[in-house]
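Participant: Pasting work-v4.cif here (mmCIF, C-alpha atoms):
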data_start
loop_
_atom_site.group_PDB
_atom_site.id
_atom_site.type_symbol
_atom_site.label_atom_id
_atom_site.label_comp_id
_atom_site.auth_asym_id
_atom_site.auth_seq_id
_atom_site.Cartn_x
_atom_site.Cartn_y
_atom_site.Cartn_z
ATOM 1 C CA MET A 21 10.848 17.216 13.305
ATOM 2 C CA ALA A 22 8.587 19.313 11.082
ATOM 3 C CA ASP A 23 11.401 21.741 10.294
ATOM 4 C CA LYS A 24 13.766 19.006 9.100
ATOM 5 C CA LYS A 25 13.532 18.132 5.394
ATOM 6 C CA ARG A 26 13.584 14.468 4.404
ATOM 7 C CA LEU A 27 13.862 12.779 1.049
ATOM 8 C CA ILE A 28 11.207 10.119 0.579
ATOM 9 C CA ASP A 29 10.221 7.678 -2.121
ATOM 10 C CA ALA A 30 7.043 9.445 -3.217
ATOM 11 C CA ASN A 31 6.092 6.584 -5.527
ATOM 12 C CA GLU A 32 6.160 4.114 -2.643
ATOM 13 C CA LEU A 33 4.187 6.508 -0.443
ATOM 14 C CA PHE A 34 1.644 6.945 -3.235
ATOM 15 C CA GLU A 35 1.207 3.153 -3.508
ATOM 16 C CA GLN A 36 0.812 2.719 0.252
ATOM 17 C CA ILE A 37 -1.849 5.428 0.430
ATOM 18 C CA HIS A 38 -3.595 4.074 -2.655
ATOM 19 C CA HIS A 39 -3.947 0.672 -0.996
ATOM 20 C CA LEU A 40 -5.056 2.150 2.317
ATOM 21 C CA SER A 41 -8.269 0.675 3.616
ATOM 22 C CA VAL A 42 -10.471 1.195 6.619
ATOM 23 C CA THR A 43 -12.358 -1.490 8.452
ATOM 24 C CA VAL A 44 -15.661 -0.354 9.913
ATOM 25 C CA THR A 45 -17.349 -2.427 12.568
ATOM 26 C CA GLY A 46 -20.381 -1.834 14.714
ATOM 27 C CA LEU A 47 -22.304 0.344 12.262
ATOM 28 C CA ARG A 48 -25.746 -0.695 11.087
ATOM 29 C CA SER A 49 -26.140 2.182 8.663
ATOM 30 C CA GLY A 50 -23.912 4.747 7.083
ATOM 31 C CA LYS A 51 -21.233 2.345 5.856
ATOM 32 C CA GLY A 52 -21.728 3.569 2.290
ATOM 33 C CA VAL A 53 -21.412 7.189 3.365
ATOM 34 C CA LEU A 54 -18.294 6.441 5.390
ATOM 35 C CA SER A 55 -16.826 4.428 2.532
ATOM 36 C CA GLU A 56 -17.417 7.333 0.128
ATOM 37 C CA TYR A 57 -15.839 9.748 2.625
ATOM 38 C CA VAL A 58 -12.746 7.531 2.943
ATOM 39 C CA LYS A 59 -12.499 7.309 -0.853
ATOM 40 C CA HIS A 60 -12.548 11.108 -1.220
ATOM 41 C CA TYR A 61 -10.115 11.522 1.674
ATOM 42 C CA ARG A 62 -7.689 9.044 0.109
ATOM 43 C CA GLU A 63 -7.951 10.820 -3.264
ATOM 44 C CA SER A 64 -7.200 14.151 -1.568
ATOM 45 C CA VAL A 65 -4.127 12.744 0.169
ATOM 46 C CA LEU A 66 -2.890 11.190 -3.086
ATOM 47 C CA ARG A 67 -3.318 14.533 -4.852
ATOM 48 C CA ILE A 68 -1.299 16.279 -2.124
ATOM 49 C CA VAL A 69 1.521 13.735 -2.483
ATOM 50 C CA ASP A 70 1.430 14.017 -6.264
ATOM 51 C CA GLU A 71 1.596 17.833 -6.145
ATOM 52 C CA ALA A 72 4.212 18.037 -3.374
ATOM 53 C CA PRO A 73 7.364 19.979 -4.185
ATOM 54 C CA THR A 74 10.386 17.933 -5.099
ATOM 55 C CA VAL A 75 14.070 18.482 -4.520
ATOM 56 C CA ASP A 76 16.823 18.266 -7.072
ATOM 57 C CA ALA A 77 18.884 15.546 -5.425
ATOM 58 C CA VAL A 78 21.824 13.605 -6.768
ATOM 59 C CA GLU A 79 22.523 10.069 -5.606
ATOM 60 C CA VAL A 80 25.576 9.880 -3.382
ATOM 61 C CA VAL A 81 28.356 7.653 -4.686
ATOM 62 C CA HIS A 82 31.251 6.834 -2.402
ATOM 63 C CA GLY A 83 34.692 6.359 -3.844
ATOM 64 C CA GLU A 84 38.350 6.579 -3.039
ATOM 65 C CA TRP A 85 41.158 8.634 -4.522
ATOM 66 C CA GLU A 86 43.757 6.652 -6.408
ATOM 67 C CA PRO A 87 47.367 7.702 -5.914
#
How does this structure look as structure tokens?
Facilitator:
Amino acid sequence: MADKKRLIDANELFEQIHHLSVTVTGLRSGKGVLSEYVKHYRESVLRIVDEAPTVDAVEVVHGEWEP
């Protein structure tokens, strides 16, 4: 499916990634480091979405011919 182009709502994707969170359990140390890593990872993904190429699309409107 990688070769098939799809139109997406980039704003919605941006919001979903922005609110992404990770739950860490079972770690006694390193939570701060992991939290910082996740923060930088999320920022990188958001930057990729923000800089992604866009298409010049026109909304499809269905109609009928009048005689």
Participant: Expressed in Å to a single decimal, how great is the separation between CA of Ala30 in chain A and CA of Glu63 in chain A?
Facilitator: 15.1 Å
Participant: Please expand the PyMOL selection byres ((chain A and resi 65) around 12) into the concrete residues it hits in this file, giving the result as a PyMOL selection string.
Facilitator: chain A and resi 33-38+40+58-64+66-72
Participant: Take the residues from that selection and write them out as a compact mmCIF listing (two decimals), keeping the file's coordinate frame, keeping C-alpha atoms.
Facilitator:
# COMPACT_ATOMS: atom_id res chain seq x y z
CA LEU A 33 4.19 6.51 -0.44
CA PHE A 34 1.64 6.94 -3.24
CA GLU A 35 1.21 3.15 -3.51
CA GLN A 36 0.81 2.72 0.25
CA ILE A 37 -1.85 5.43 0.43
CA HIS A 38 -3.60 4.07 -2.66
CA LEU A 40 -5.06 2.15 2.32
CA VAL A 58 -12.75 7.53 2.94
CA LYS A 59 -12.50 7.31 -0.85
CA HIS A 60 -12.55 11.11 -1.22
CA TYR A 61 -10.12 11.52 1.67
CA ARG A 62 -7.69 9.04 0.11
CA GLU A 63 -7.95 10.82 -3.26
CA SER A 64 -7.20 14.15 -1.57
CA LEU A 66 -2.89 11.19 -3.09
CA ARG A 67 -3.32 14.53 -4.85
CA ILE A 68 -1.30 16.28 -2.12
CA VAL A 69 1.52 13.74 -2.48
CA ASP A 70 1.43 14.02 -6.26
CA GLU A 71 1.60 17.83 -6.14
CA ALA A 72 4.21 18.04 -3.37
Participant: Would you compute an axis-aligned box for range 57-69 of chain A, covering every atom listed for it in the file with 3 Å of margin on each side, and report centre and edge lengths in Å to one decimal as lines of an AutoDock Vina configuration file?
Facilitator:
center_x = -7.2
center_y = 11.8
center_z = -1.0
size_x = 23.4
size_y = 15.0
size_z = 13.8
Participant: For CA of Val78 in chain A and CA of Ile28 in chain A, determine how far apart the two atoms are, in Å to one decimal place.
Facilitator: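 Pair CA of Val78 in chain A / CA of Ile28 in chain A returns 13.4 Å.
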Participant: Measure the distance from CA of His39 in chain A to CA of Asp76 in chain A in Å and round it to one decimal.
Facilitator: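 Interatomic distance, CA of His39 in chain A to CA of Asp76 in chain A: 27.9 Å.
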